[in-house]
Amino acid sequence: MTRRPPVLLVLLLASCATPRPVLFRVDPADLQPLESGMEWTYAVDGKETQVRRVGSAVRVGRFECRIVEARTGESVEKFWMRSEKDGLKVYRISEGERTFDFDDPMILIRYPASAGARWKFEERHGPVSLEVEGVYEADEELPVGKGRRRCARVRLVKSVQGRPVLVQTSWYAPGVGLVKTAAAWTEDGHPMTRTLELKSCNLLPD
């Protein structure tokens with residue numbers, strides 16, 4: 001008769017086993033997956049590290065959003081985001097103790113997403129009002145993880161009374177999300193830039 005190992009030994013061995021990777025239900029065509037527990041690590045201007053993580057679902061008004069926390073050192077930003085049939089939207093943002101609700105959500109990507117698509121909206125929060133023009137410019141191949149992937153290159157131009165104040169170009173890989181962002185603006189008369197580049201995420205194999 002085959003002897004079975006003691007139950008306690010089996011439990012101990014199981015507790016020492018290598019944990020399985022977290023599995024997500026990712027639509028391979030989704031340009032920005034938003035499931036709780038998803039995490040991305042970016043290099044900021046090649047100097048700092050930013051970690052973005054999707055948290056729980058919460059309501060902003062009547063809309064259920066996912067909180068995406070972006071942590072760069074001790075600085076924390078939060079974005080209340082939601083994917084809808086007509087676009088990837090941001091309903092609320094916070095930085096430190098400041099929180100802004102948008103009268104109408106920001107549209108980061110217009111759906112259905114296709115090269116050449118254009119859209120416009122007003123970014124209004126409190127007394128600040130920006131005119132925003134978005135365009136899905138083209139598809140480009142970028143290094144993502146251990147390989148290369150086709151990415152959607154999306155540009156947002158924010159203006160005040162027709163004068164551009166911020167230009168942001170972002171690349172999104174289907175099934176992965178944001179892989180790169182380059183932003184340029186002027187602050188106190190000085191040109192400023194910021195870049196984010198994906199280093200790793202738990203949606204990709206090691």
# chains A, B, ... in the order shown; residues from 1 in each chain; ligands from 1
$ select_by_dssp --residues "range 2-202 of chain A" --states "strand (DSSP E or B)" --output "PyMOL selection string"
chain A and resi 39-44+48-60+63-72+75-84+87-95+98-110+118-125+128-144+147-160+163-173+177-187+190-201
$ residues_around --residues "range 91-100 of chain A" --least-positions-apart "3" --cutoff "9 Å" --atoms "only C-alpha atoms" --output "number ranges by chain"
A: 60, 63, 65, 75-82, 103-106, 125-126
$ write_last_selection --atoms "N, CA and C atoms" --output "PDB file, in the first residue's frame"
ATOM      1  N   VAL A  60     -17.807  58.058  -9.529  1.00  0.00           N
ATOM      2  CA  VAL A  60     -17.717  59.505  -9.653  1.00  0.00           C
ATOM      3  C   VAL A  60     -19.050  59.918 -10.258  1.00  0.00           C
ATOM      4  N   PHE A  63     -20.980  57.334 -12.584  1.00  0.00           N
ATOM      5  CA  PHE A  63     -20.074  56.509 -13.383  1.00  0.00           C
ATOM      6  C   PHE A  63     -19.104  55.729 -12.498  1.00  0.00           C
ATOM      7  N   CYS A  65     -15.671  54.139 -11.951  1.00  0.00           N
ATOM      8  CA  CYS A  65     -14.327  54.325 -12.492  1.00  0.00           C
ATOM      9  C   CYS A  65     -13.329  53.458 -11.735  1.00  0.00           C
ATOM     10  N   SER A  75       5.828  61.523  -4.398  1.00  0.00           N
ATOM     11  CA  SER A  75       4.724  62.199  -5.081  1.00  0.00           C
ATOM     12  C   SER A  75       3.700  61.176  -5.571  1.00  0.00           C
ATOM     13  N   VAL A  76       2.413  61.456  -5.307  1.00  0.00           N
ATOM     14  CA  VAL A  76       1.343  60.536  -5.705  1.00  0.00           C
ATOM     15  C   VAL A  76       0.267  61.305  -6.467  1.00  0.00           C
ATOM     16  N   GLU A  77      -0.037  60.818  -7.654  1.00  0.00           N
ATOM     17  CA  GLU A  77      -1.160  61.328  -8.435  1.00  0.00           C
ATOM     18  C   GLU A  77      -2.177  60.205  -8.585  1.00  0.00           C
ATOM     19  N   LYS A  78      -3.445  60.572  -8.707  1.00  0.00           N
ATOM     20  CA  LYS A  78      -4.485  59.577  -8.909  1.00  0.00           C
ATOM     21  C   LYS A  78      -5.379  60.015 -10.062  1.00  0.00           C
ATOM     22  N   PHE A  79      -5.812  59.026 -10.832  1.00  0.00           N
ATOM     23  CA  PHE A  79      -6.679  59.267 -11.975  1.00  0.00           C
ATOM     24  C   PHE A  79      -7.883  58.334 -11.878  1.00  0.00           C
ATOM     25  N   TRP A  80      -9.069  58.905 -11.937  1.00  0.00           N
ATOM     26  CA  TRP A  80     -10.290  58.098 -11.937  1.00  0.00           C
ATOM     27  C   TRP A  80     -10.663  57.875 -13.401  1.00  0.00           C
ATOM     28  N   MET A  81     -10.421  56.651 -13.896  1.00  0.00           N
ATOM     29  CA  MET A  81     -10.515  56.371 -15.321  1.00  0.00           C
ATOM     30  C   MET A  81     -11.608  55.345 -15.623  1.00  0.00           C
ATOM     31  N   ARG A  82     -12.059  55.395 -16.875  1.00  0.00           N
ATOM     32  CA  ARG A  82     -13.130  54.504 -17.289  1.00  0.00           C
ATOM     33  C   ARG A  82     -13.066  54.314 -18.805  1.00  0.00           C
ATOM     34  N   ASP A 103     -16.012  68.767 -15.427  1.00  0.00           N
ATOM     35  CA  ASP A 103     -17.416  68.942 -15.784  1.00  0.00           C
ATOM     36  C   ASP A 103     -17.804  67.928 -16.861  1.00  0.00           C
ATOM     37  N   ASP A 104     -16.919  67.753 -17.827  1.00  0.00           N
ATOM     38  CA  ASP A 104     -17.021  66.686 -18.826  1.00  0.00           C
ATOM     39  C   ASP A 104     -15.698  65.936 -18.800  1.00  0.00           C
ATOM     40  N   PRO A 105     -15.721  64.619 -18.945  1.00  0.00           N
ATOM     41  CA  PRO A 105     -14.473  63.858 -18.795  1.00  0.00           C
ATOM     42  C   PRO A 105     -13.458  64.172 -19.889  1.00  0.00           C
ATOM     43  N   MET A 106     -12.175  64.037 -19.539  1.00  0.00           N
ATOM     44  CA  MET A 106     -11.110  64.083 -20.534  1.00  0.00           C
ATOM     45  C   MET A 106     -11.198  62.820 -21.390  1.00  0.00           C
ATOM     46  N   HIS A 125     -12.153  72.470 -15.232  1.00  0.00           N
ATOM     47  CA  HIS A 125     -12.206  72.154 -13.811  1.00  0.00           C
ATOM     48  C   HIS A 125     -12.046  73.461 -13.046  1.00  0.00           C
ATOM     49  N   GLY A 126     -13.149  73.847 -12.409  1.00  0.00           N
ATOM     50  CA  GLY A 126     -13.154  75.136 -11.722  1.00  0.00           C
ATOM     51  C   GLY A 126     -13.056  76.265 -12.736  1.00  0.00           C
TER      52      GLY A 126
END
$ closest_atom_pairs --of "range 30-83 of chain A" --to "range 169-189 of chain A" --cutoff "7 Å" --atoms "only C-alpha atoms" --output "Markdown table"
| residue | atom | partner | partner_atom | distance |
| --- | --- | --- | --- | --- |
| A:Asp30 | CA | A:Pro174 | CA | 5.1 |
| A:Leu31 | CA | A:Pro174 | CA | 4.3 |
| A:Gln32 | CA | A:Gly177 | CA | 4.0 |
| A:Pro33 | CA | A:Gly177 | CA | 6.0 |
$ write_last_selection --atoms "all heavy atoms" --output "mmCIF file, in the first residue's frame"
data_model
loop_
_atom_site.group_PDB
_atom_site.id
_atom_site.type_symbol
_atom_site.label_atom_id
_atom_site.label_comp_id
_atom_site.auth_asym_id
_atom_site.auth_seq_id
_atom_site.Cartn_x
_atom_site.Cartn_y
_atom_site.Cartn_z
ATOM 1 N N ASP A 30 -7.453 45.874 -26.361
ATOM 2 C CA ASP A 30 -7.661 46.991 -25.433
ATOM 3 C C ASP A 30 -6.393 47.832 -25.330
ATOM 4 O O ASP A 30 -5.342 47.341 -24.918
ATOM 5 C CB ASP A 30 -8.058 46.448 -24.063
ATOM 6 C CG ASP A 30 -8.576 47.523 -23.128
ATOM 7 O OD1 ASP A 30 -8.418 48.717 -23.445
ATOM 8 O OD2 ASP A 30 -9.126 47.171 -22.066
ATOM 9 N N LEU A 31 -6.495 49.113 -25.675
ATOM 10 C CA LEU A 31 -5.312 49.979 -25.643
ATOM 11 C C LEU A 31 -4.912 50.381 -24.230
ATOM 12 O O LEU A 31 -3.779 50.806 -24.013
ATOM 13 C CB LEU A 31 -5.566 51.233 -26.485
ATOM 14 C CG LEU A 31 -5.640 51.004 -28.000
ATOM 15 C CD1 LEU A 31 -5.983 52.304 -28.711
ATOM 16 C CD2 LEU A 31 -4.336 50.429 -28.537
ATOM 17 N N GLN A 32 -5.827 50.291 -23.253
ATOM 18 C CA GLN A 32 -5.480 50.599 -21.871
ATOM 19 C C GLN A 32 -6.311 49.730 -20.928
ATOM 20 O O GLN A 32 -7.370 50.141 -20.467
ATOM 21 C CB GLN A 32 -5.688 52.071 -21.553
ATOM 22 C CG GLN A 32 -5.267 52.465 -20.134
ATOM 23 C CD GLN A 32 -3.822 52.107 -19.846
ATOM 24 O OE1 GLN A 32 -2.904 52.699 -20.378
ATOM 25 N NE2 GLN A 32 -3.613 51.115 -18.979
ATOM 26 N N PRO A 33 -5.832 48.506 -20.633
ATOM 27 C CA PRO A 33 -6.553 47.653 -19.678
ATOM 28 C C PRO A 33 -6.645 48.315 -18.310
ATOM 29 O O PRO A 33 -5.726 49.010 -17.885
ATOM 30 C CB PRO A 33 -5.695 46.379 -19.628
ATOM 31 C CG PRO A 33 -4.881 46.398 -20.889
ATOM 32 C CD PRO A 33 -4.638 47.855 -21.171
#
$ residues_around --residues "Trp40 in chain A" --least-positions-apart "2" --cutoff "12 Å" --atoms "only C-alpha atoms" --output "PyMOL selection string"
chain A and resi 32-34+37-38+42-43+49-54+68-71+144-145+176-180+196-204
$ residues_around --residues "Pro164 in chain A" --least-positions-apart "4" --cutoff "12 Å" --atoms "only C-alpha atoms" --output "list in words"
Leu130, Glu131, Val132, Glu133, Leu156, Val157, Lys158, Ser159, Val160, Gln168, Ala184, Trp185 and Thr186 of chain A
$ select_by_dssp --residues "range 5-149 of chain A" --states "helix (DSSP H, G or I)" --output "PyMOL selection string"
chain A and resi 7-16
$ closest_residue --among "A:Glu123, A:Asp45, A:Glu35, A:Glu137" --to "Ala57 in chain A" --atoms "only C-alpha atoms"
A:Glu35
$ closest_residue --among "A:Pro205, A:Lys47, A:Thr193, A:Ala115" --to "Leu23 in chain A" --atoms "only C-alpha atoms"
A:Pro205
$ residues_around --residues "Trp119 in chain A" --least-positions-apart "4" --cutoff "9 Å" --atoms "only C-alpha atoms" --output "compact mmCIF listing (two decimals) with N, CA, C and O atoms, in the first residue's frame"
# COMPACT_ATOMS: atom_id res chain seq x y z
N ILE A 107 -11.01 62.97 -22.69
CA ILE A 107 -11.03 61.82 -23.61
C ILE A 107 -9.60 61.57 -24.07
O ILE A 107 -9.06 62.32 -24.90
N ILE A 109 -8.44 58.70 -25.55
CA ILE A 109 -8.49 58.00 -26.84
C ILE A 109 -9.95 57.90 -27.26
O ILE A 109 -10.79 57.50 -26.45
N ARG A 110 -10.25 58.25 -28.49
CA ARG A 110 -11.60 58.09 -29.01
C ARG A 110 -11.77 56.67 -29.55
O ARG A 110 -10.93 56.19 -30.30
N VAL A 132 -9.09 71.19 -26.09
CA VAL A 132 -8.22 70.03 -26.34
C VAL A 132 -8.58 69.40 -27.69
O VAL A 132 -9.76 69.14 -27.96
N GLU A 133 -7.57 69.18 -28.51
CA GLU A 133 -7.74 68.47 -29.77
C GLU A 133 -6.93 67.19 -29.70
O GLU A 133 -5.74 67.20 -29.36
N GLY A 134 -7.58 66.08 -30.02
CA GLY A 134 -6.91 64.78 -30.00
C GLY A 134 -6.87 64.19 -31.40
O GLY A 134 -7.77 64.43 -32.21
N VAL A 135 -5.84 63.43 -31.68
CA VAL A 135 -5.73 62.74 -32.96
C VAL A 135 -4.95 61.44 -32.77
O VAL A 135 -3.94 61.41 -32.08
